[in-house]
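Before any comments, here is the structure.
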2 protein chains.
Amino acid sequence: MQTIDTTTALVDRYFAAWNTTDAARRTRLISEAWTDDGTYLDPVMSGSGHSGIEAMIAGFQAQFPGLQFHRNAAIDAHNDHLRFSWVLVAPDGPVIAAGTDVTVLSSGNRLRSVTGFFDQAPVLP
Amino acid sequence: MQTIDTTTALVDRYFAAWNTTDAARRTRLISEAWTDDGTYLDPVMSGSGHSGIEAMIAGFQAQFPGLQFHRNAAIDAHNDHLRFSWVLVAPDGPVIAAGTDVTVLSSGNRLRSVTGFFDQAPVLP
């Protein structure tokens with residue numbers, strides 16, 4: 001069971017993976033945040049394993065350059081599960097989408113699965 | 001992929017399982033709603049398999065007689081995942097707790113796992 005500090009560090013790393021465009025650094029963040037067979041799934045994107053998640057995030061960044069994910073509420077944690085909400089913001093400030101991610105953690109405090117739900121459907125620029 | 005009608009029927013059956021005190025009917029609802037190895041996990045309760053879930057719900061009903069769960073928002077569905085919110089109400093009306101459940105469905109449209117999160121921590125009578 002991870003401490004809250006470690007959980008926060010994990011979630012910080014998760015969002016950094018989405019927001020980092022330097023490929024080498026992004027690859028390192030993904031491998032630190034997810035287990036080897038970790039997954040991501042939301043209504044419009046999915047990725048499985050480090051290389052699948054890398055391809056998904058790189059594709060997202062290429063399609064929507066400059067957008068950044070920011071956690072906007074406390075992390076809700078129980079057992080090996082986390083829940084946290086986020087906004088996706090454009091470089092000039094507007095909120096593009098909002099959502100909530102639910103994750104299952106490994107015993108080593110990495111992400112086994114992330115399931116994303118939209119609270120505010122994307123309004124793409 | 002299940003239709004929305006079927007998803008709604010499944011979630012109705014799930015809440016009926018929590019709210020039904022007739023043991024035979026509750027057992028049937030649980031076996032209709034969950035897969036044989038289905039699970040439930042929230043910050044204070046857990047159950048695994050039909051008999052484990054039956055014991056969990058029977059124990060909850062014995063400890064807090066008369067409380068009822070009601071879904072209070074639309075079902076958010078994508079891929080094999082659902083998210084829906086609920087309130088737990090006392091017989092005389094007050095809201096005891098509120099939360100959100102996230103589920104993974106089987107190909108046969110039953111609950112493989114339910115993970116519950118509290119949006120309003122329980123204020124027990």
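FYI, nothing fancy with the structure tokens labels: chains A, B, ... in order, residues from 1 per chain, ligands from 1 as they appear.
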May I ask you to extract the residues of chain B within 12 Å of chain A, using only C-alpha atoms, and to give them as an mmCIF file with C-alpha atoms, in the first residue's frame?
data_model
loop_
_atom_site.group_PDB
_atom_site.id
_atom_site.type_symbol
_atom_site.label_atom_id
_atom_site.label_comp_id
_atom_site.auth_asym_id
_atom_site.auth_seq_id
_atom_site.Cartn_x
_atom_site.Cartn_y
_atom_site.Cartn_z
ATOM 1 C CA TYR B 40 -17.347 -5.275 -5.455
ATOM 2 C CA LEU B 41 -14.887 -2.942 -3.697
ATOM 3 C CA ASP B 42 -15.358 0.432 -2.012
ATOM 4 C CA PRO B 43 -13.588 2.184 0.886
ATOM 5 C CA VAL B 44 -15.486 0.202 3.543
ATOM 6 C CA MET B 45 -16.856 -3.003 1.946
ATOM 7 C CA SER B 46 -15.780 -5.732 -0.431
ATOM 8 C CA ALA B 74 -27.302 9.320 -16.185
ATOM 9 C CA ILE B 75 -25.157 6.273 -16.864
ATOM 10 C CA ASP B 76 -21.880 7.220 -18.559
ATOM 11 C CA ALA B 77 -20.793 4.321 -20.783
ATOM 12 C CA HIS B 78 -17.823 3.735 -23.083
ATOM 13 C CA ASN B 79 -16.153 0.550 -24.293
ATOM 14 C CA ASP B 80 -16.792 -2.068 -21.573
ATOM 15 C CA HIS B 81 -16.929 0.514 -18.768
ATOM 16 C CA LEU B 82 -19.780 2.255 -16.952
ATOM 17 C CA ARG B 83 -19.835 5.114 -14.476
ATOM 18 C CA PHE B 84 -22.921 6.160 -12.513
ATOM 19 C CA GLY B 99 -20.991 8.111 -4.384
ATOM 20 C CA THR B 100 -19.984 7.040 -7.849
ATOM 21 C CA ASP B 101 -19.492 3.471 -9.049
ATOM 22 C CA VAL B 102 -17.212 2.502 -11.913
ATOM 23 C CA THR B 103 -17.727 -0.922 -13.434
ATOM 24 C CA VAL B 104 -16.130 -3.247 -15.950
ATOM 25 C CA SER B 113 -16.064 -5.564 -11.196
ATOM 26 C CA VAL B 114 -17.654 -2.644 -9.399
ATOM 27 C CA THR B 115 -15.413 -0.063 -7.740
ATOM 28 C CA GLY B 116 -17.231 2.420 -5.540
ATOM 29 C CA PHE B 117 -16.004 5.893 -4.568
ATOM 30 C CA PHE B 118 -17.608 8.196 -2.000
ATOM 31 C CA ASP B 119 -18.593 11.696 -3.147
ATOM 32 C CA GLN B 120 -20.165 12.439 0.224
ATOM 33 C CA ALA B 121 -18.780 10.359 3.091
#
As a compact mmCIF listing (two decimals) with N, CA, C and O atoms, in the first residue's frame, please: chain A after a least-squares superposition onto chain B using all C-alpha atoms matched in order.
# COMPACT_ATOMS: atom_id res chain seq x y z
N MET A 1 -20.96 -5.71 -27.47
CA MET A 1 -21.28 -4.37 -26.96
C MET A 1 -22.79 -4.28 -26.69
O MET A 1 -23.60 -4.51 -27.57
N GLN A 2 -23.15 -3.93 -25.45
CA GLN A 2 -24.55 -3.88 -25.09
C GLN A 2 -25.19 -2.56 -25.51
O GLN A 2 -24.51 -1.56 -25.67
N THR A 3 -26.49 -2.59 -25.71
CA THR A 3 -27.20 -1.35 -26.01
C THR A 3 -27.41 -0.57 -24.71
O THR A 3 -27.29 -1.12 -23.62
N ILE A 4 -27.76 0.69 -24.83
CA ILE A 4 -28.00 1.51 -23.63
C ILE A 4 -29.17 0.95 -22.83
O ILE A 4 -29.12 0.91 -21.61
N ASP A 5 -30.20 0.48 -23.52
CA ASP A 5 -31.33 -0.11 -22.80
C ASP A 5 -30.88 -1.26 -21.93
O ASP A 5 -31.27 -1.38 -20.78
N THR A 6 -30.05 -2.10 -22.45
CA THR A 6 -29.58 -3.25 -21.69
C THR A 6 -28.69 -2.80 -20.54
O THR A 6 -28.75 -3.35 -19.44
N THR A 7 -27.88 -1.78 -20.76
CA THR A 7 -27.04 -1.24 -19.69
C THR A 7 -27.90 -0.69 -18.56
O THR A 7 -27.64 -0.94 -17.39
N THR A 8 -28.94 0.04 -18.92
CA THR A 8 -29.83 0.58 -17.89
C THR A 8 -30.49 -0.55 -17.11
O THR A 8 -30.58 -0.50 -15.88
N ALA A 9 -30.92 -1.58 -17.80
CA ALA A 9 -31.54 -2.73 -17.12
C ALA A 9 -30.55 -3.40 -16.18
O ALA A 9 -30.91 -3.80 -15.07
N LEU A 10 -29.30 -3.49 -16.59
CA LEU A 10 -28.27 -4.08 -15.73
C LEU A 10 -28.07 -3.24 -14.48
O LEU A 10 -28.01 -3.77 -13.36
N VAL A 11 -27.98 -1.93 -14.65
CA VAL A 11 -27.74 -1.06 -13.48
C VAL A 11 -28.97 -1.05 -12.57
O VAL A 11 -28.83 -1.04 -11.34
N ASP A 12 -30.16 -1.09 -13.15
CA ASP A 12 -31.38 -1.22 -12.33
C ASP A 12 -31.32 -2.49 -11.47
O ASP A 12 -31.66 -2.48 -10.29
N ARG A 13 -30.87 -3.59 -12.09
CA ARG A 13 -30.78 -4.87 -11.38
C ARG A 13 -29.72 -4.79 -10.26
O ARG A 13 -29.91 -5.33 -9.17
N TYR A 14 -28.63 -4.11 -10.56
CA TYR A 14 -27.57 -3.93 -9.56
C TYR A 14 -28.10 -3.21 -8.32
O TYR A 14 -27.90 -3.66 -7.19
N PHE A 15 -28.80 -2.11 -8.52
CA PHE A 15 -29.32 -1.39 -7.35
C PHE A 15 -30.43 -2.19 -6.66
O PHE A 15 -30.54 -2.17 -5.43
N ALA A 16 -31.23 -2.92 -7.44
CA ALA A 16 -32.25 -3.78 -6.83
C ALA A 16 -31.60 -4.82 -5.92
O ALA A 16 -32.13 -5.15 -4.86
N ALA A 17 -30.43 -5.33 -6.32
CA ALA A 17 -29.73 -6.31 -5.48
C ALA A 17 -29.37 -5.70 -4.13
O ALA A 17 -29.51 -6.33 -3.08
N TRP A 18 -28.91 -4.45 -4.13
CA TRP A 18 -28.58 -3.77 -2.87
C TRP A 18 -29.82 -3.50 -2.02
O TRP A 18 -29.74 -3.49 -0.80
N ASN A 19 -30.96 -3.27 -2.66
CA ASN A 19 -32.15 -2.79 -1.95
C ASN A 19 -33.14 -3.88 -1.58
O ASN A 19 -34.08 -3.63 -0.83
N THR A 20 -32.96 -5.08 -2.10
CA THR A 20 -33.93 -6.16 -1.90
C THR A 20 -33.54 -6.98 -0.68
O THR A 20 -32.42 -7.50 -0.60
N THR A 21 -34.46 -7.11 0.27
CA THR A 21 -34.15 -7.86 1.49
C THR A 21 -34.66 -9.30 1.42
O THR A 21 -34.22 -10.12 2.23
N ASP A 22 -35.54 -9.62 0.51
CA ASP A 22 -35.96 -11.01 0.33
C ASP A 22 -34.75 -11.81 -0.18
O ASP A 22 -34.22 -11.52 -1.26
N ALA A 23 -34.32 -12.79 0.61
CA ALA A 23 -33.03 -13.44 0.34
C ALA A 23 -33.02 -14.16 -1.01
O ALA A 23 -32.04 -14.08 -1.76
N ALA A 24 -34.09 -14.86 -1.34
CA ALA A 24 -34.10 -15.63 -2.59
C ALA A 24 -34.07 -14.69 -3.80
O ALA A 24 -33.34 -14.92 -4.78
N ARG A 25 -34.85 -13.62 -3.69
CA ARG A 25 -34.88 -12.67 -4.79
C ARG A 25 -33.55 -11.92 -4.91
O ARG A 25 -33.04 -11.68 -6.01
N ARG A 26 -32.96 -11.59 -3.77
CA ARG A 26 -31.66 -10.90 -3.77
C ARG A 26 -30.58 -11.78 -4.40
O ARG A 26 -29.77 -11.31 -5.20
N THR A 27 -30.58 -13.06 -4.05
CA THR A 27 -29.61 -14.01 -4.63
C THR A 27 -29.76 -14.06 -6.15
O THR A 27 -28.76 -14.07 -6.89
N ARG A 28 -31.00 -14.06 -6.63
CA ARG A 28 -31.23 -14.13 -8.08
C ARG A 28 -30.72 -12.84 -8.74
O ARG A 28 -30.05 -12.89 -9.78
N LEU A 29 -31.02 -11.70 -8.13
CA LEU A 29 -30.57 -10.43 -8.70
C LEU A 29 -29.04 -10.36 -8.77
O LEU A 29 -28.47 -9.90 -9.76
N ILE A 30 -28.37 -10.82 -7.72
CA ILE A 30 -26.90 -10.80 -7.70
C ILE A 30 -26.34 -11.68 -8.82
O ILE A 30 -25.42 -11.28 -9.54
N SER A 31 -26.92 -12.85 -9.00
CA SER A 31 -26.38 -13.77 -10.02
C SER A 31 -26.71 -13.27 -11.43
O SER A 31 -25.97 -13.58 -12.37
N GLU A 32 -27.78 -12.49 -11.56
CA GLU A 32 -28.08 -11.90 -12.87
C GLU A 32 -27.17 -10.71 -13.17
O GLU A 32 -26.81 -10.46 -14.31
N ALA A 33 -26.81 -9.96 -12.12
CA ALA A 33 -26.07 -8.71 -12.34
C ALA A 33 -24.56 -8.95 -12.48
O ALA A 33 -23.91 -8.31 -13.30
N TRP A 34 -24.00 -9.83 -11.65
CA TRP A 34 -22.54 -10.04 -11.63
C TRP A 34 -22.16 -11.33 -12.36
O TRP A 34 -22.90 -12.32 -12.31
N THR A 35 -20.98 -11.37 -12.95
CA THR A 35 -20.40 -12.63 -13.41
C THR A 35 -20.11 -13.51 -12.20
O THR A 35 -20.07 -13.04 -11.05
N ASP A 36 -19.87 -14.79 -12.45
CA ASP A 36 -19.64 -15.75 -11.35
C ASP A 36 -18.49 -15.31 -10.45
O ASP A 36 -18.52 -15.51 -9.24
N ASP A 37 -17.45 -14.73 -11.07
CA ASP A 37 -16.29 -14.28 -10.29
C ASP A 37 -16.28 -12.76 -10.13
O ASP A 37 -15.23 -12.16 -9.90
N GLY A 38 -17.46 -12.15 -10.25
CA GLY A 38 -17.57 -10.70 -10.14
C GLY A 38 -17.16 -10.19 -8.77
O GLY A 38 -17.18 -10.94 -7.78
N THR A 39 -16.81 -8.90 -8.71
CA THR A 39 -16.32 -8.32 -7.46
C THR A 39 -16.99 -6.98 -7.18
O THR A 39 -17.49 -6.31 -8.09
N TYR A 40 -16.96 -6.61 -5.90
CA TYR A 40 -17.36 -5.27 -5.46
C TYR A 40 -16.30 -4.79 -4.48
O TYR A 40 -15.85 -5.55 -3.62
N LEU A 41 -15.91 -3.51 -4.60
CA LEU A 41 -14.90 -2.95 -3.70
C LEU A 41 -15.15 -1.47 -3.53
O LEU A 41 -15.24 -0.72 -4.52
N ASP A 42 -15.31 -1.02 -2.28
CA ASP A 42 -15.37 0.43 -2.01
C ASP A 42 -14.53 0.70 -0.77
O ASP A 42 -13.85 -0.22 -0.28
N PRO A 43 -14.50 1.93 -0.23
CA PRO A 43 -13.60 2.19 0.90
C PRO A 43 -13.92 1.40 2.16
O PRO A 43 -13.04 1.26 3.03
N VAL A 44 -15.14 0.88 2.29
CA VAL A 44 -15.50 0.21 3.54
C VAL A 44 -16.01 -1.22 3.38
O VAL A 44 -16.20 -1.93 4.37
N MET A 45 -16.30 -1.66 2.16
CA MET A 45 -16.86 -3.00 1.94
C MET A 45 -16.20 -3.66 0.74
O MET A 45 -15.75 -2.98 -0.18
N SER A 46 -16.21 -4.99 0.75
CA SER A 46 -15.78 -5.72 -0.43
C SER A 46 -16.45 -7.09 -0.45
O SER A 46 -16.82 -7.64 0.60
N GLY A 47 -16.61 -7.63 -1.66
CA GLY A 47 -17.16 -8.97 -1.82
C GLY A 47 -16.71 -9.53 -3.14
O GLY A 47 -16.50 -8.78 -4.10
N SER A 48 -16.53 -10.85 -3.19
CA SER A 48 -16.02 -11.49 -4.40
C SER A 48 -16.81 -12.75 -4.68
O SER A 48 -17.02 -13.58 -3.78
N GLY A 49 -17.28 -12.91 -5.91
CA GLY A 49 -18.12 -14.05 -6.27
C GLY A 49 -19.53 -13.84 -5.74
O GLY A 49 -19.76 -13.01 -4.85
N HIS A 50 -20.47 -14.60 -6.29
CA HIS A 50 -21.88 -14.40 -5.90
C HIS A 50 -22.09 -14.56 -4.40
O HIS A 50 -22.79 -13.76 -3.77
N SER A 51 -21.47 -15.59 -3.79
CA SER A 51 -21.71 -15.81 -2.36
C SER A 51 -21.04 -14.73 -1.52
O SER A 51 -21.59 -14.30 -0.49
N GLY A 52 -19.87 -14.26 -1.95
CA GLY A 52 -19.20 -13.18 -1.23
C GLY A 52 -19.98 -11.87 -1.31
O GLY A 52 -20.07 -11.13 -0.32
N ILE A 53 -20.54 -11.59 -2.47
CA ILE A 53 -21.33 -10.37 -2.64
C ILE A 53 -22.64 -10.48 -1.86
O ILE A 53 -23.10 -9.53 -1.21
N GLU A 54 -23.23 -11.67 -1.88
CA GLU A 54 -24.46 -11.93 -1.09
C GLU A 54 -24.21 -11.67 0.40
O GLU A 54 -24.98 -10.97 1.06
N ALA A 55 -23.09 -12.18 0.91
CA ALA A 55 -22.77 -11.99 2.34
C ALA A 55 -22.55 -10.52 2.65
O ALA A 55 -22.99 -10.00 3.68
N MET A 56 -21.87 -9.81 1.73
CA MET A 56 -21.60 -8.39 1.93
C MET A 56 -22.90 -7.59 1.98
O MET A 56 -23.11 -6.77 2.89
N ILE A 57 -23.80 -7.83 1.03
CA ILE A 57 -25.04 -7.05 0.97
C ILE A 57 -25.96 -7.41 2.13
O ILE A 57 -26.57 -6.54 2.77
N ALA A 58 -26.04 -8.70 2.47
CA ALA A 58 -26.88 -9.11 3.61
C ALA A 58 -26.36 -8.47 4.89
O ALA A 58 -27.14 -8.00 5.73
N GLY A 59 -25.04 -8.42 5.06
CA GLY A 59 -24.45 -7.79 6.23
C GLY A 59 -24.75 -6.30 6.29
O GLY A 59 -25.06 -5.76 7.36
N PHE A 60 -24.65 -5.65 5.14
CA PHE A 60 -24.96 -4.22 5.07
C PHE A 60 -26.41 -3.97 5.47
O PHE A 60 -26.71 -3.07 6.26
N GLN A 61 -27.32 -4.77 4.90
CA GLN A 61 -28.74 -4.58 5.20
C GLN A 61 -29.05 -4.84 6.67
O GLN A 61 -29.90 -4.16 7.27
N ALA A 62 -28.36 -5.82 7.26
CA ALA A 62 -28.60 -6.13 8.68
C ALA A 62 -28.11 -4.99 9.57
O ALA A 62 -28.71 -4.66 10.59
N GLN A 63 -26.99 -4.39 9.15
CA GLN A 63 -26.40 -3.33 9.97
C GLN A 63 -27.17 -2.02 9.82
O GLN A 63 -27.28 -1.24 10.78
N PHE A 64 -27.70 -1.77 8.64
CA PHE A 64 -28.36 -0.49 8.35
C PHE A 64 -29.72 -0.73 7.72
O PHE A 64 -29.94 -0.43 6.54
N PRO A 65 -30.67 -1.25 8.48
CA PRO A 65 -31.96 -1.63 7.89
C PRO A 65 -32.69 -0.43 7.31
O PRO A 65 -32.70 0.65 7.91
N GLY A 66 -33.26 -0.63 6.16
CA GLY A 66 -34.12 0.39 5.55
C GLY A 66 -33.41 1.34 4.61
O GLY A 66 -34.07 2.07 3.87
N LEU A 67 -32.09 1.37 4.64
CA LEU A 67 -31.38 2.27 3.72
C LEU A 67 -31.52 1.77 2.29
O LEU A 67 -31.50 0.56 2.04
N GLN A 68 -31.65 2.69 1.35
CA GLN A 68 -31.84 2.32 -0.05
C GLN A 68 -30.90 3.15 -0.93
O GLN A 68 -30.73 4.35 -0.72
N PHE A 69 -30.34 2.47 -1.93
CA PHE A 69 -29.50 3.13 -2.94
C PHE A 69 -30.38 3.54 -4.13
O PHE A 69 -31.19 2.75 -4.61
N HIS A 70 -30.17 4.77 -4.59
CA HIS A 70 -30.87 5.24 -5.80
C HIS A 70 -29.87 5.90 -6.72
O HIS A 70 -29.12 6.80 -6.29
N ARG A 71 -29.85 5.49 -7.97
CA ARG A 71 -29.05 6.18 -8.97
C ARG A 71 -29.61 7.59 -9.16
O ARG A 71 -30.83 7.77 -9.21
N ASN A 72 -28.72 8.60 -9.23
CA ASN A 72 -29.21 9.98 -9.32
C ASN A 72 -28.62 10.75 -10.49
O ASN A 72 -28.61 11.98 -10.49
N ALA A 73 -28.09 10.04 -11.48
CA ALA A 73 -27.56 10.71 -12.67
C ALA A 73 -27.55 9.70 -13.81
O ALA A 73 -27.73 8.50 -13.58
N ALA A 74 -27.34 10.20 -15.01
CA ALA A 74 -27.29 9.33 -16.18
C ALA A 74 -26.13 8.35 -16.08
O ALA A 74 -25.14 8.61 -15.37
N ILE A 75 -26.24 7.24 -16.77
CA ILE A 75 -25.15 6.28 -16.86
C ILE A 75 -24.20 6.73 -17.96
O ILE A 75 -24.62 6.99 -19.09
N ASP A 76 -22.93 6.84 -17.60
CA ASP A 76 -21.88 7.22 -18.56
C ASP A 76 -21.20 5.93 -19.00
O ASP A 76 -20.61 5.23 -18.18
N ALA A 77 -21.29 5.61 -20.28
CA ALA A 77 -20.79 4.33 -20.78
C ALA A 77 -19.81 4.54 -21.92
O ALA A 77 -20.06 5.36 -22.81
N HIS A 78 -18.68 3.83 -21.90
CA HIS A 78 -17.82 3.75 -23.08
C HIS A 78 -17.06 2.43 -23.03
O HIS A 78 -16.74 1.92 -21.95
N ASN A 79 -16.80 1.87 -24.22
CA ASN A 79 -16.14 0.57 -24.29
C ASN A 79 -16.86 -0.41 -23.35
O ASN A 79 -18.09 -0.49 -23.40
N ASP A 80 -16.13 -1.13 -22.51
CA ASP A 80 -16.80 -2.06 -21.59
C ASP A 80 -16.86 -1.48 -20.17
O ASP A 80 -16.93 -2.22 -19.18
N HIS A 81 -16.92 -0.14 -20.07
CA HIS A 81 -16.92 0.52 -18.77
C HIS A 81 -18.19 1.36 -18.57
O HIS A 81 -18.69 1.95 -19.52
N LEU A 82 -18.66 1.38 -17.33
CA LEU A 82 -19.77 2.25 -16.95
C LEU A 82 -19.34 3.11 -15.76
O LEU A 82 -18.51 2.69 -14.95
N ARG A 83 -19.98 4.28 -15.66
CA ARG A 83 -19.83 5.12 -14.47
C ARG A 83 -21.20 5.68 -14.15
O ARG A 83 -21.90 6.15 -15.04
N PHE A 84 -21.61 5.60 -12.90
CA PHE A 84 -22.92 6.17 -12.51
C PHE A 84 -22.88 6.56 -11.04
O PHE A 84 -22.16 5.96 -10.23
N SER A 85 -23.63 7.59 -10.70
CA SER A 85 -23.64 8.12 -9.34
C SER A 85 -24.93 7.75 -8.63
O SER A 85 -25.94 7.45 -9.26
N TRP A 86 -24.87 7.78 -7.30
CA TRP A 86 -25.99 7.31 -6.49
C TRP A 86 -26.05 8.08 -5.18
O TRP A 86 -25.06 8.73 -4.78
N VAL A 87 -27.20 8.00 -4.53
CA VAL A 87 -27.34 8.44 -3.15
C VAL A 87 -27.86 7.26 -2.33
O VAL A 87 -28.55 6.38 -2.85
N LEU A 88 -27.48 7.27 -1.07
CA LEU A 88 -27.99 6.27 -0.11
C LEU A 88 -28.91 7.03 0.83
O LEU A 88 -28.47 7.99 1.48
N VAL A 89 -30.19 6.65 0.86
CA VAL A 89 -31.16 7.43 1.62
C VAL A 89 -31.78 6.59 2.73
O VAL A 89 -31.98 5.38 2.59
N ALA A 90 -32.08 7.27 3.85
CA ALA A 90 -32.75 6.64 4.98
C ALA A 90 -34.26 6.58 4.69
O ALA A 90 -34.77 7.29 3.82
N PRO A 91 -34.97 5.68 5.41
CA PRO A 91 -36.41 5.52 5.16
C PRO A 91 -37.18 6.83 5.30
O PRO A 91 -38.16 7.06 4.59
N ASP A 92 -36.73 7.72 6.19
CA ASP A 92 -37.43 8.98 6.37
C ASP A 92 -36.87 10.11 5.50
O ASP A 92 -37.21 11.27 5.70
N GLY A 93 -36.01 9.79 4.57
CA GLY A 93 -35.64 10.77 3.55
C GLY A 93 -34.23 11.29 3.50
O GLY A 93 -33.73 11.55 2.41
N PRO A 94 -33.53 11.48 4.66
CA PRO A 94 -32.21 12.11 4.58
C PRO A 94 -31.21 11.29 3.75
O PRO A 94 -31.25 10.05 3.78
N VAL A 95 -30.32 12.01 3.08
CA VAL A 95 -29.25 11.36 2.33
C VAL A 95 -28.13 11.00 3.31
O VAL A 95 -27.60 11.86 4.01
N ILE A 96 -27.79 9.73 3.35
CA ILE A 96 -26.79 9.20 4.29
C ILE A 96 -25.39 9.26 3.67
O ILE A 96 -24.39 9.43 4.35
N ALA A 97 -25.32 9.06 2.35
CA ALA A 97 -24.05 9.06 1.65
C ALA A 97 -24.33 9.26 0.17
O ALA A 97 -25.47 9.08 -0.29
N ALA A 98 -23.30 9.66 -0.56
CA ALA A 98 -23.41 9.75 -2.02
C ALA A 98 -22.11 9.24 -2.61
O ALA A 98 -21.05 9.35 -1.99
N GLY A 99 -22.20 8.67 -3.79
CA GLY A 99 -20.99 8.11 -4.38
C GLY A 99 -21.12 7.89 -5.87
O GLY A 99 -22.15 8.20 -6.48
N THR A 100 -20.05 7.36 -6.42
CA THR A 100 -19.98 7.04 -7.84
C THR A 100 -19.37 5.66 -7.99
O THR A 100 -18.33 5.37 -7.39
N ASP A 101 -20.02 4.82 -8.77
CA ASP A 101 -19.50 3.48 -9.04
C ASP A 101 -18.94 3.44 -10.45
O ASP A 101 -19.52 4.02 -11.38
N VAL A 102 -17.83 2.74 -10.60
CA VAL A 102 -17.22 2.51 -11.90
C VAL A 102 -17.17 0.99 -12.09
O VAL A 102 -16.73 0.27 -11.19
N THR A 103 -17.64 0.52 -13.23
CA THR A 103 -17.73 -0.92 -13.43
C THR A 103 -17.05 -1.34 -14.72
O THR A 103 -16.92 -0.57 -15.66
N VAL A 104 -16.61 -2.59 -14.72
CA VAL A 104 -16.13 -3.24 -15.95
C VAL A 104 -17.13 -4.35 -16.27
O VAL A 104 -17.50 -5.13 -15.38
N LEU A 105 -17.60 -4.38 -17.52
CA LEU A 105 -18.60 -5.36 -17.94
C LEU A 105 -17.95 -6.55 -18.63
O LEU A 105 -16.91 -6.44 -19.27
N SER A 106 -18.63 -7.67 -18.54
CA SER A 106 -18.24 -8.85 -19.31
C SER A 106 -18.84 -8.76 -20.71
O SER A 106 -19.73 -7.93 -20.97
N SER A 107 -18.39 -9.64 -21.60
CA SER A 107 -18.97 -9.67 -22.95
C SER A 107 -20.46 -10.03 -22.89
O SER A 107 -21.23 -9.66 -23.76
N GLY A 108 -20.87 -10.72 -21.85
CA GLY A 108 -22.28 -11.08 -21.70
C GLY A 108 -23.09 -10.04 -20.96
O GLY A 108 -24.21 -10.33 -20.52
N ASN A 109 -22.53 -8.81 -20.82
CA ASN A 109 -23.24 -7.71 -20.19
C ASN A 109 -23.59 -7.97 -18.74
O ASN A 109 -24.68 -7.67 -18.27
N ARG A 110 -22.63 -8.54 -18.02
CA ARG A 110 -22.77 -8.61 -16.56
C ARG A 110 -21.58 -7.89 -15.94
O ARG A 110 -20.60 -7.57 -16.62
N LEU A 111 -21.67 -7.64 -14.64
CA LEU A 111 -20.63 -6.88 -13.93
C LEU A 111 -19.46 -7.78 -13.60
O LEU A 111 -19.61 -8.75 -12.85
N ARG A 112 -18.29 -7.47 -14.14
CA ARG A 112 -17.07 -8.19 -13.75
C ARG A 112 -16.50 -7.56 -12.48
O ARG A 112 -16.00 -8.24 -11.61
N SER A 113 -16.53 -6.23 -12.42
CA SER A 113 -16.07 -5.56 -11.21
C SER A 113 -16.84 -4.27 -11.03
O SER A 113 -17.23 -3.62 -12.02
N VAL A 114 -17.08 -3.93 -9.77
CA VAL A 114 -17.66 -2.64 -9.40
C VAL A 114 -16.71 -2.01 -8.39
O VAL A 114 -16.38 -2.65 -7.39
N THR A 115 -16.24 -0.81 -8.68
CA THR A 115 -15.42 -0.06 -7.73
C THR A 115 -16.19 1.18 -7.32
O THR A 115 -16.57 1.99 -8.17
N GLY A 116 -16.46 1.30 -6.04
CA GLY A 116 -17.24 2.42 -5.53
C GLY A 116 -16.36 3.49 -4.92
O GLY A 116 -15.38 3.17 -4.23
N PHE A 117 -16.69 4.75 -5.17
CA PHE A 117 -16.01 5.89 -4.55
C PHE A 117 -17.06 6.74 -3.85
O PHE A 117 -18.19 6.87 -4.33
N PHE A 118 -16.69 7.33 -2.71
CA PHE A 118 -17.62 8.20 -1.99
C PHE A 118 -17.47 9.63 -2.47
O PHE A 118 -16.36 10.19 -2.49
N ASP A 119 -18.58 10.26 -2.84
CA ASP A 119 -18.60 11.69 -3.13
C ASP A 119 -18.99 12.48 -1.90
O ASP A 119 -18.62 13.64 -1.73
N GLN A 120 -19.80 11.87 -1.05
CA GLN A 120 -20.17 12.45 0.25
C GLN A 120 -20.02 11.31 1.25
O GLN A 120 -20.72 10.30 1.16
N ALA A 121 -19.07 11.45 2.17
CA ALA A 121 -18.78 10.37 3.11
C ALA A 121 -20.02 10.04 3.94
O ALA A 121 -20.83 10.92 4.23
N PRO A 122 -20.18 8.77 4.30
CA PRO A 122 -21.37 8.35 5.02
C PRO A 122 -21.54 9.09 6.36
O PRO A 122 -20.59 9.22 7.12
N VAL A 123 -22.76 9.57 6.60
CA VAL A 123 -23.15 10.10 7.91
C VAL A 123 -24.20 9.14 8.42
O VAL A 123 -25.37 9.24 8.04
N LEU A 124 -23.76 8.18 9.22
CA LEU A 124 -24.66 7.06 9.53
C LEU A 124 -25.67 7.45 10.60
O LEU A 124 -25.36 8.24 11.49
N PRO A 125 -26.87 6.90 10.48
CA PRO A 125 -27.94 7.26 11.41
C PRO A 125 -27.67 6.68 12.81
O PRO A 125 -26.85 5.80 12.97
TODO: Taking the DSSP assignment computed from this structure's backbone, write out as a list in words all residues of range 23-69 of chain B that belong to helix (DSSP H, G or I).
DONE: Ala23, Ala24, Arg25, Arg26, Thr27, Arg28, Leu29, Ile30, Ser31, Glu32, Ala33, Gly49, His50, Ser51, Gly52, Ile53, Glu54, Ala55, Met56, Ile57, Ala58, Gly59, Phe60, Gln61, Ala62 and Gln63 of chain B
Task: Backbone DSSP call of strand (DSSP E) for chain B, listed as a count of residues only - done: 48
